file protein06.txt (compact mmCIF, C-alpha atoms)
# COMPACT_ATOMS: atom_id res chain seq x y z
CA MET R 1 -9.27 -133.71 66.97
CA ASN R 2 -7.18 -130.86 68.43
CA ALA R 3 -5.70 -127.87 66.63
CA LEU R 4 -2.39 -129.68 66.05
CA SER R 5 -3.80 -132.93 64.65
CA ALA R 6 -2.78 -134.04 61.19
CA PRO R 7 -5.37 -133.73 58.38
CA LYS R 8 -7.78 -136.66 58.25
CA ASN R 9 -7.01 -139.51 55.81
CA LEU R 10 -3.80 -137.76 54.76
CA THR R 11 -1.96 -140.94 53.69
CA ARG R 12 -4.85 -142.12 51.52
CA ASN R 13 -5.28 -138.73 49.91
CA VAL R 14 -1.54 -138.33 49.22
CA LEU R 15 -1.42 -141.77 47.58
CA ILE R 16 -4.42 -140.86 45.46
CA GLY R 17 -2.69 -137.60 44.51
CA MET R 18 0.50 -139.46 43.52
CA ALA R 19 -1.38 -142.00 41.42
CA ALA R 20 -3.52 -139.34 39.76
CA GLY R 21 -0.46 -137.22 38.93
CA VAL R 22 1.30 -140.18 37.29
CA LEU R 23 -1.86 -141.17 35.39
CA VAL R 24 -2.75 -137.72 34.07
CA ALA R 25 0.84 -136.88 33.12
CA SER R 26 1.23 -140.25 31.39
CA VAL R 27 -1.81 -139.52 29.26
CA PHE R 28 -0.26 -136.24 28.09
CA TYR R 29 3.21 -137.75 27.63
CA TYR R 30 2.22 -140.86 25.68
CA THR R 31 -0.56 -139.31 23.59
CA SER R 32 1.41 -136.25 22.51
CA GLY R 33 0.52 -136.96 18.86
CA PHE R 34 -3.18 -136.55 19.60
CA ILE R 35 -3.04 -133.58 21.99
CA SER R 36 -2.03 -130.09 20.92
CA GLU R 37 1.59 -129.36 21.85
CA ASN R 38 0.55 -125.95 23.18
CA ILE R 39 -1.97 -127.54 25.54
CA SER R 40 0.63 -130.02 26.80
CA LEU R 41 3.15 -127.22 27.41
CA VAL R 42 0.58 -125.15 29.31
CA VAL R 43 -0.39 -128.13 31.48
CA GLU R 44 3.23 -129.05 32.14
CA LYS R 45 4.36 -125.52 32.99
CA TYR R 46 1.35 -123.91 34.69
CA VAL R 47 -0.26 -126.93 36.34
CA PHE R 48 2.41 -129.50 37.17
CA ASN R 49 5.62 -127.45 37.38
CA LEU R 50 4.06 -124.34 38.94
CA GLY R 51 1.86 -126.26 41.38
CA GLY R 52 4.70 -128.55 42.43
CA GLN R 53 7.14 -125.70 42.90
CA ILE R 54 4.62 -123.71 44.96
CA PHE R 55 4.11 -126.72 47.23
CA LYS R 56 7.87 -127.19 47.71
CA ASN R 57 8.30 -123.45 48.31
CA LEU R 58 5.61 -123.53 51.01
CA LEU R 59 7.39 -126.38 52.76
CA MET R 60 10.76 -124.65 52.49
CA LEU R 61 9.14 -121.43 53.74
CA VAL R 62 8.69 -122.83 57.24
CA VAL R 63 11.88 -124.90 57.46
CA VAL R 64 14.19 -122.20 58.84
CA PRO R 65 11.80 -120.63 61.41
CA LEU R 66 10.54 -124.03 62.53
CA VAL R 67 14.07 -125.38 63.03
CA PHE R 68 15.14 -122.20 64.83
CA PHE R 69 12.17 -121.90 67.20
CA SER R 70 11.98 -125.65 67.81
CA LEU R 71 15.68 -125.94 68.64
CA VAL R 72 15.78 -122.77 70.77
CA SER R 73 12.69 -123.73 72.76
CA GLY R 74 13.99 -127.29 73.23
CA ILE R 75 17.45 -126.25 74.46
CA SER R 76 16.15 -123.42 76.62
CA SER R 77 13.99 -125.96 78.48
CA LEU R 78 16.91 -128.30 79.26
CA SER R 79 17.69 -128.56 82.96
CA ASN R 80 21.18 -129.94 82.29
CA MET R 81 23.42 -128.50 79.56
CA VAL R 82 25.67 -131.59 79.66
CA LYS R 83 22.81 -133.47 78.05
CA LEU R 84 23.18 -131.40 74.88
CA GLY R 85 26.72 -132.66 74.36
CA SER R 86 25.56 -136.23 74.92
CA ILE R 87 22.75 -135.83 72.38
CA ALA R 88 25.12 -134.34 69.78
CA THR R 89 27.73 -137.09 70.21
CA LYS R 90 25.22 -139.91 69.90
CA THR R 91 23.48 -138.27 66.95
CA ILE R 92 26.58 -137.74 64.82
CA GLY R 93 27.99 -141.15 65.77
CA LEU R 94 24.80 -142.96 64.77
CA TYR R 95 24.53 -141.09 61.47
CA LEU R 96 28.09 -142.01 60.50
CA PHE R 97 27.49 -145.60 61.63
CA THR R 98 24.38 -146.03 59.47
CA THR R 99 26.15 -144.42 56.50
CA ALA R 100 28.98 -146.94 56.83
CA ILE R 101 26.45 -149.78 56.88
CA ALA R 102 24.62 -148.32 53.86
CA VAL R 103 27.65 -148.11 51.56
CA SER R 104 28.92 -151.50 52.78
CA LEU R 105 25.57 -153.11 51.90
CA ALA R 106 25.71 -151.50 48.45
CA LEU R 107 29.17 -152.94 47.77
CA PHE R 108 28.21 -156.34 49.19
CA PHE R 109 25.07 -156.74 47.09
CA GLY R 110 26.83 -155.30 44.05
CA TRP R 111 29.42 -158.07 44.45
CA VAL R 112 26.83 -160.80 45.16
CA PHE R 113 24.75 -159.94 42.07
CA ASN R 114 27.84 -159.25 39.94
CA LEU R 115 26.76 -155.76 38.88
CA SER R 116 27.77 -155.27 35.26
CA GLY R 117 28.51 -152.01 33.45
CA PHE R 118 27.16 -150.15 30.43
CA GLU R 119 28.25 -151.19 26.94
CA GLY R 120 27.13 -148.14 24.94
CA THR R 121 28.66 -144.73 24.33
CA VAL R 122 29.30 -142.52 27.37
CA ASP R 123 28.61 -138.82 26.89
CA ALA R 124 30.81 -136.08 28.34
CA TYR R 125 29.92 -134.91 31.83
CA VAL R 126 30.78 -131.71 33.67
CA PRO R 127 30.40 -132.00 37.47
CA PRO R 128 28.55 -129.15 39.23
CA SER R 129 30.62 -126.55 40.99
CA GLY R 130 30.59 -126.05 44.73
CA ASP R 131 32.74 -126.25 47.82
CA SER R 132 32.51 -129.90 48.81
CA SER R 133 35.52 -129.99 51.12
CA LEU R 134 35.45 -130.84 54.80
CA TYR R 135 37.15 -127.48 55.43
CA GLY R 136 34.30 -125.60 53.76
CA THR R 137 31.68 -127.61 55.63
CA VAL R 138 33.26 -126.90 59.04
CA LEU R 139 33.43 -123.22 58.13
CA ARG R 140 29.69 -123.22 57.28
CA ILE R 141 28.95 -124.34 60.84
CA PHE R 142 30.28 -121.00 62.12
CA PRO R 143 28.80 -118.25 59.88
CA ASN R 144 30.05 -114.68 60.18
CA ASN R 145 26.57 -113.25 59.64
CA ILE R 146 23.48 -114.41 61.50
CA PHE R 147 21.05 -113.14 58.89
CA GLY R 148 23.24 -114.44 56.06
CA ALA R 149 22.97 -117.99 57.40
CA PHE R 150 19.17 -117.73 57.43
CA ILE R 151 18.97 -116.17 53.99
CA GLU R 152 21.29 -118.79 52.44
CA ASN R 153 19.47 -121.69 54.14
CA ASN R 154 22.80 -122.73 55.66
CA MET R 155 21.30 -125.45 57.87
CA LEU R 156 24.54 -126.25 59.72
CA GLY R 157 24.99 -122.56 60.54
CA ILE R 158 21.33 -122.21 61.56
CA VAL R 159 21.63 -125.20 63.90
CA PHE R 160 24.75 -123.68 65.49
CA ILE R 161 23.10 -120.26 65.91
CA SER R 162 19.99 -121.89 67.38
CA ILE R 163 22.05 -123.92 69.85
CA LEU R 164 24.03 -120.83 70.90
CA PHE R 165 20.87 -118.77 71.29
CA GLY R 166 19.09 -121.58 73.15
CA ILE R 167 21.97 -122.00 75.61
CA ALA R 168 22.10 -118.25 76.26
CA LEU R 169 18.32 -118.15 76.73
CA ASN R 170 18.49 -121.10 79.10
CA LEU R 171 21.11 -119.33 81.25
CA THR R 172 19.27 -115.98 81.26
CA ASP R 173 15.63 -117.07 81.35
CA ASP R 174 15.14 -115.72 84.86
CA LEU R 175 16.61 -112.38 83.75
CA THR R 176 14.33 -112.14 80.69
CA ASP R 177 11.10 -112.82 82.54
CA GLY R 178 10.59 -116.28 81.03
CA LEU R 179 11.31 -115.33 77.42
CA SER R 180 11.68 -119.03 76.54
CA LYS R 181 7.90 -119.40 76.82
CA SER R 182 7.51 -117.02 73.89
CA PHE R 183 9.67 -119.25 71.72
CA GLU R 184 7.58 -122.27 72.69
CA ARG R 185 4.45 -120.39 71.59
CA LEU R 186 6.05 -119.35 68.31
CA ASN R 187 7.08 -122.94 67.71
CA THR R 188 3.44 -123.99 68.16
CA VAL R 189 2.34 -121.37 65.62
CA PHE R 190 4.76 -122.66 62.98
CA LEU R 191 3.69 -126.24 63.63
CA LYS R 192 0.15 -125.11 62.82
CA ILE R 193 1.40 -123.52 59.59
CA VAL R 194 2.94 -126.90 58.69
CA LEU R 195 -0.44 -128.58 59.22
CA LEU R 196 -2.16 -125.98 57.05
CA ILE R 197 0.35 -126.68 54.26
CA MET R 198 -0.10 -130.43 54.72
CA SER R 199 -3.80 -129.99 54.03
CA PHE R 200 -2.85 -129.17 50.44
CA ALA R 201 -0.36 -132.05 50.21
CA PRO R 202 -2.47 -134.27 47.90
CA ILE R 203 -2.66 -131.44 45.35
CA GLY R 204 1.05 -130.65 45.74
CA VAL R 205 2.05 -134.29 45.34
CA PHE R 206 -0.23 -134.59 42.30
CA CYS R 207 1.65 -131.70 40.66
CA LEU R 208 5.12 -132.94 41.64
CA MET R 209 4.55 -136.46 40.34
CA GLY R 210 2.98 -135.06 37.21
CA SER R 211 5.97 -132.81 36.53
CA TYR R 212 8.38 -135.75 36.82
CA VAL R 213 6.40 -137.95 34.43
CA MET R 214 5.78 -135.12 31.94
CA ALA R 215 9.54 -134.57 31.74
CA LYS R 216 10.77 -138.15 31.24
CA GLY R 217 7.81 -140.50 31.04
CA LEU R 218 7.83 -143.80 32.91
CA ASN R 219 10.85 -145.37 31.23
CA ILE R 220 13.63 -145.39 33.85
CA PHE R 221 15.15 -148.72 32.94
CA GLY R 222 16.52 -149.37 29.46
CA ASP R 223 20.20 -150.37 29.44
CA LEU R 224 20.58 -149.55 33.14
CA ALA R 225 17.94 -152.00 34.37
CA GLN R 226 20.30 -154.07 36.56
CA TYR R 227 21.76 -150.97 38.23
CA VAL R 228 18.32 -149.43 38.82
CA LEU R 229 16.72 -152.60 40.19
CA LEU R 230 19.69 -153.38 42.43
CA LEU R 231 19.76 -149.83 43.79
CA ILE R 232 16.04 -149.96 44.57
CA PHE R 233 16.53 -153.32 46.30
CA VAL R 234 19.43 -152.11 48.47
CA LEU R 235 17.59 -148.90 49.39
CA ALA R 236 14.55 -150.93 50.49
CA PHE R 237 16.72 -153.47 52.33
CA HIS R 238 18.63 -150.78 54.22
CA SER R 239 15.47 -148.90 55.13
CA LEU R 240 13.53 -151.93 56.31
CA PHE R 241 16.29 -154.17 57.70
CA THR R 242 19.05 -151.87 59.01
CA TYR R 243 16.77 -149.31 60.66
CA SER R 244 14.57 -152.07 62.10
CA LEU R 245 17.66 -153.78 63.51
CA ILE R 246 19.07 -150.70 65.20
CA LEU R 247 15.65 -149.66 66.54
CA LYS R 248 15.23 -153.08 68.14
CA SER R 249 18.86 -153.58 69.21
CA PHE R 250 19.67 -150.08 70.51
CA ALA R 251 16.28 -148.98 71.85
CA ASN R 252 14.02 -152.07 71.94
CA LEU R 253 11.38 -150.26 69.86
CA SER R 254 8.90 -151.86 67.49
CA PRO R 255 9.87 -151.32 63.82
CA ILE R 256 6.28 -152.05 62.78
CA VAL R 257 4.94 -149.17 64.88
CA PHE R 258 7.75 -146.94 63.63
CA TYR R 259 7.08 -147.53 59.93
CA ARG R 260 3.32 -147.27 60.35
CA LYS R 261 3.72 -143.78 61.77
CA MET R 262 6.42 -142.78 59.29
CA ARG R 263 4.43 -143.52 56.13
CA ASN R 264 3.29 -139.91 55.66
CA VAL R 265 6.84 -138.58 56.04
CA ALA R 266 8.22 -141.15 53.60
CA LEU R 267 5.57 -140.16 51.04
CA PHE R 268 6.39 -136.47 51.46
CA ALA R 269 10.11 -137.15 51.11
CA PHE R 270 9.54 -139.30 48.03
CA SER R 271 7.42 -136.66 46.31
CA THR R 272 9.62 -133.66 47.14
CA SER R 273 13.06 -135.35 46.70
CA SER R 274 14.31 -133.02 49.45
CA SER R 275 15.17 -133.88 53.04
CA ALA R 276 15.23 -130.16 53.86
CA ALA R 277 11.74 -129.58 52.47
CA THR R 278 10.51 -132.54 54.53
CA ILE R 279 11.95 -131.24 57.83
CA PRO R 280 8.66 -129.66 59.02
CA VAL R 281 6.72 -132.88 58.44
CA THR R 282 9.51 -135.02 59.94
CA LEU R 283 9.71 -132.85 63.08
CA LYS R 284 5.94 -132.93 63.53
CA THR R 285 5.76 -136.71 63.17
CA VAL R 286 8.82 -137.49 65.30
CA THR R 287 7.58 -135.28 68.12
CA ASP R 288 3.81 -135.83 68.09
CA ASP R 289 3.48 -139.39 66.77
CA LEU R 290 6.71 -141.10 67.85
CA GLY R 291 6.96 -139.38 71.24
CA VAL R 292 10.45 -137.89 70.94
CA LYS R 293 10.81 -134.84 73.19
CA LYS R 294 11.46 -131.61 71.32
CA ASP R 295 14.89 -130.97 72.88
CA VAL R 296 16.06 -134.13 71.07
CA SER R 297 14.02 -134.00 67.85
CA SER R 298 14.76 -130.32 67.23
CA PHE R 299 18.48 -131.15 67.13
CA VAL R 300 18.59 -134.61 65.56
CA VAL R 301 16.22 -133.99 62.63
CA PRO R 302 17.82 -130.80 61.18
CA VAL R 303 21.31 -132.25 61.61
CA GLY R 304 20.16 -135.45 59.92
CA ALA R 305 18.71 -133.55 56.96
CA THR R 306 22.16 -132.02 56.54
CA ILE R 307 24.60 -134.89 57.09
CA ASN R 308 22.60 -138.14 56.98
CA MET R 309 23.14 -139.41 53.43
CA ASP R 310 22.49 -143.15 53.68
CA GLY R 311 20.56 -143.22 50.41
CA THR R 312 23.27 -141.27 48.63
CA ALA R 313 25.97 -143.54 50.11
CA ILE R 314 24.19 -146.57 48.65
CA MET R 315 24.05 -144.84 45.27
CA GLN R 316 27.74 -143.96 45.48
CA GLY R 317 28.75 -147.55 46.22
CA LEU R 318 26.71 -149.12 43.43
CA ALA R 319 27.44 -146.34 40.93
CA THR R 320 31.19 -146.68 41.53
CA MET R 321 31.00 -150.45 40.92
CA PHE R 322 28.82 -149.89 37.84
CA ILE R 323 31.21 -147.32 36.35
CA ALA R 324 34.27 -149.42 37.16
CA SER R 325 32.67 -152.36 35.34
CA THR R 326 31.78 -150.08 32.42
CA VAL R 327 35.44 -149.18 31.86
CA GLY R 328 36.64 -152.74 32.57
CA ILE R 329 38.30 -152.19 35.97
CA ASP R 330 38.07 -154.76 38.78
CA LEU R 331 38.05 -153.03 42.15
CA SER R 332 40.29 -154.47 44.86
CA LEU R 333 39.37 -155.06 48.50
CA VAL R 334 41.47 -152.03 49.46
CA GLN R 335 39.52 -149.90 47.00
CA TYR R 336 36.25 -151.16 48.47
CA GLY R 337 37.46 -149.96 51.87
CA GLN R 338 38.44 -146.64 50.32
CA ILE R 339 34.91 -146.20 48.94
CA VAL R 340 33.42 -146.85 52.39
CA LEU R 341 35.70 -144.29 54.08
CA LEU R 342 35.12 -141.67 51.38
CA ALA R 343 31.35 -142.14 51.54
CA ILE R 344 31.42 -141.58 55.32
CA VAL R 345 33.61 -138.47 55.09
CA THR R 346 31.72 -136.93 52.17
CA SER R 347 28.38 -137.50 53.89
CA ILE R 348 29.45 -134.55 56.06
CA GLY R 349 31.56 -132.74 53.51
CA THR R 350 28.78 -131.98 51.02
CA ALA R 351 26.10 -130.71 53.35
CA ALA R 352 25.06 -127.54 51.51
CA VAL R 353 26.18 -128.27 47.94
CA PRO R 354 23.60 -128.49 45.12
CA SER R 355 23.50 -131.94 43.48
CA ALA R 356 25.38 -133.26 46.51
CA GLY R 357 25.24 -136.91 45.43
CA THR R 358 26.83 -136.07 42.09
CA VAL R 359 29.58 -134.00 43.68
CA THR R 360 30.50 -136.73 46.17
CA LEU R 361 30.38 -139.40 43.47
CA ALA R 362 32.81 -137.31 41.40
CA LEU R 363 35.17 -137.14 44.38
CA ILE R 364 35.09 -140.90 44.88
CA LEU R 365 35.59 -141.64 41.19
CA GLY R 366 38.47 -139.18 41.03
CA SER R 367 40.21 -140.79 44.00
CA LEU R 368 39.96 -144.21 42.32
CA GLY R 369 41.07 -142.96 38.90
CA LEU R 370 37.69 -143.70 37.26
CA PRO R 371 36.27 -141.45 34.47
CA LEU R 372 33.89 -138.69 35.53
CA ASP R 373 32.12 -138.77 32.16
CA ALA R 374 30.37 -141.98 33.17
CA ILE R 375 28.36 -140.06 35.78
CA GLY R 376 26.18 -138.96 32.86
CA LEU R 377 24.85 -142.52 32.72
CA ILE R 378 23.74 -142.33 36.34
CA LEU R 379 21.99 -138.98 35.83
CA ALA R 380 19.80 -140.51 33.12
CA VAL R 381 17.87 -142.51 35.75
CA ASP R 382 18.58 -140.40 38.81
CA ARG R 383 15.25 -138.57 39.17
CA ILE R 384 13.14 -141.44 40.46
CA LEU R 385 16.06 -142.93 42.38
CA ASP R 386 16.70 -139.61 44.13
CA MET R 387 13.11 -139.64 45.35
CA MET R 388 13.66 -143.07 46.87
CA ARG R 389 16.98 -142.06 48.42
CA THR R 390 15.32 -139.11 50.13
CA ALA R 391 12.61 -141.34 51.61
CA VAL R 392 15.32 -143.61 53.04
CA ASN R 393 17.20 -140.64 54.48
CA VAL R 394 14.23 -139.21 56.40
CA CYS R 395 13.40 -142.64 57.82
CA GLY R 396 16.99 -142.73 59.06
CA ASP R 397 16.60 -139.28 60.63
CA ALA R 398 13.51 -140.44 62.52
CA ALA R 399 15.04 -143.77 63.59
CA VAL R 400 18.13 -142.05 65.03
CA SER R 401 15.86 -139.51 66.78
CA CYS R 402 14.00 -142.32 68.53
CA ILE R 403 17.19 -144.16 69.52
CA VAL R 404 18.88 -141.03 70.91
CA ALA R 405 15.71 -140.02 72.74
CA LYS R 406 15.33 -143.48 74.31
CA SER R 407 18.96 -143.42 75.50
CA GLU R 408 18.41 -139.99 77.08
CA ASN R 409 15.06 -140.91 78.68
CA GLU R 410 13.43 -138.35 76.39
CA LEU R 411 11.06 -140.74 74.57
CA ASP R 412 7.41 -141.01 75.62
CA LEU R 413 6.73 -144.71 75.08
CA SER R 414 2.98 -144.27 75.53
CA ILE R 415 2.93 -141.96 72.51
CA PHE R 416 5.27 -144.18 70.48
CA ASN R 417 3.17 -147.28 71.06
CA SER R 418 -0.19 -145.54 70.66
CA LYS R 419 -2.37 -146.30 67.65
call {"tool": "encode", "arguments": {"input": "protein06.txt", "output": "structure tokens"}}
result
Amino acid sequence: MNALSAPKNLTRNVLIGMAAGVLVASVFYYTSGFISENISLVVEKYVFNLGGQIFKNLLMLVVVPLVFFSLVSGISSLSNMVKLGSIATKTIGLYLFTTAIAVSLALFFGWVFNLSGFEGTVDAYVPPSGDSSLYGTVLRIFPNNIFGAFIENNMLGIVFISILFGIALNLTDDLTDGLSKSFERLNTVFLKIVLLIMSFAPIGVFCLMGSYVMAKGLNIFGDLAQYVLLLIFVLAFHSLFTYSLILKSFANLSPIVFYRKMRNVALFAFSTSSSAATIPVTLKTVTDDLGVKKDVSSFVVPVGATINMDGTAIMQGLATMFIASTVGIDLSLVQYGQIVLLAIVTSIGTAAVPSAGTVTLALILGSLGLPLDAIGLILAVDRILDMMRTAVNVCGDAAVSCIVAKSENELDLSIFNSK
């Protein structure tokens, strides 16, 4: 095992951590009458919440430097700058294509299973603030302060700065005495930091799962059972069927091999509920296990974490149908088309907004004249569903990385097909 190998038995240990977190937290949650409230509060705050937040912070800690050094070193090693434009065009096109499929599947299955609405009282809802416009998103791509973009975790701006720096380094490498090699070495160092953090993943996942269960228990169904079950089904169908289809059709790659190597990433994404926090693990897996060259993976993965919202698009489609049924409105075929178009556009337009899925859902509901208050129903079961949506999104990031890499002859098939 070399210095950049993943921790041994990581998948098994992470699954054990997840199960243990759910079990321990369930004991505290459902036996609250027998356990001192003070003890439960201490466990929830200083074990589950603190431990989970530390783990997420450690992952987020390396996101920006890893994206920057990985992208700069990848671009600076390109022999042909035209290839960068080709990679970018294919990447964005594929992400929008899969988002269109995702929301279309949601509407199709919602229609097939006749998704019904909620019959109880709907509480008032105030949507979160934030610039969710396409104008604001485009502006974030071109920050006016380099350090500001890094401090604010403006991933679109960081990607642009990294591309600009990488191109300049590529064109001046002979004048800087091979400075690009230094960025490759720094990239290796940060990959090692990722592996060190991954060593503590079972403990981190234990705390994250425990904090979720301690907050809400295991009851995510109730009156929204049909919506929840249908959303889970469509998420699984899109992840397993759509991505398998495009991997086989566009790149002739084995979906079985792909999913076997992506299991760790999917678990990380599920436990953290954050595509951004999963970037280090996704990059490591896509590059080292799936064989995608770094000049492709270092661009496709960060961009995907920002604009690839397949899971959210599925939620938007089903949630819109659910809310429309709740208020007794039958959506027309034209309105279905409008939902698809809005989901595609807003998948880019809400890149850096907190609670992005809620913001985009509010935009879609507003355009269709549906009440925003009904979003409160969706939020009641959104925690566990958000975890699943994130797992779908990172699988999409990796699938697109492999397809783009194969089309650019930047995929090492021996690594992809290795055991």
call {"tool": "residues_near_point", "arguments": {"input": "protein06.txt", "point": "(13.6, -141.0, 46.6)", "cutoff": "9 Å", "atoms": "only C-alpha atoms", "output": "list in words"}}
result
Ala266, Ala269, Phe270, Ser271, Thr272, Ser273, Ser274, Gly311, Arg383, Ile384, Leu385, Asp386, Met387, Met388, Arg389, Thr390, Ala391, Val392 and Asn393 of chain R
call {"tool": "residues_around", "arguments": {"input": "protein06.txt", "residues": "R:Tyr212", "least_positions_apart": "3", "cutoff": "10 Å", "atoms": "all atoms listed in the file", "output": "PyMOL selection string"}}
result
chain R and resi 21-22+25+44+48-49+52+207-209+215-218+271+383-384
call {"tool": "residues_around", "arguments": {"input": "protein06.txt", "residues": "R:Ala277", "least_positions_apart": "6", "cutoff": "7 Å", "atoms": "all atoms listed in the file", "output": "ChimeraX atom specification"}}
result
/R:56,59-60,63
call {"tool": "closest_residue", "arguments": {"input": "protein06.txt", "among": "R:Phe241, R:Phe150, R:Phe109, R:Phe34", "to": "R:Val62", "atoms": "only C-alpha atoms"}}
result
R:Phe150
call {"tool": "closest_residue", "arguments": {"input": "protein06.txt", "among": "R:Asp174, R:Glu184, R:Asp382, R:Asp373", "to": "R:Leu66", "atoms": "only C-alpha atoms"}}
result
R:Glu184
call {"tool": "closest_residue", "arguments": {"input": "protein06.txt", "among": "R:Ser180, R:Ser414, R:Ser244, R:Ser407", "to": "R:Lys90", "atoms": "all atoms listed in the file"}}
result
R:Ser407
call {"tool": "atom_distance", "arguments": {"input": "protein06.txt", "atom1": "atom CA of R:Leu58", "atom2": "atom CA of R:Asp289"}}
result
22.5 Å
call {"tool": "closest_residue", "arguments": {"input": "protein06.txt", "among": "R:Ile415, R:Ala405, R:Ile323, R:Val228", "to": "R:Pro371", "atoms": "only C-alpha atoms"}}
result
R:Ile323
call {"tool": "residues_around", "arguments": {"input": "protein06.txt", "residues": "R:Asn114", "least_positions_apart": "5", "cutoff": "10 Å", "atoms": "all atoms listed in the file", "output": "list in words"}}
result
Phe108, Phe109, Gln226, Met321, Phe322 and Ser325 of chain R
call {"tool": "atom_distance", "arguments": {"input": "protein06.txt", "atom1": "atom CA of R:Ile146", "atom2": "atom CA of R:Val281"}}
result
25.1 Å
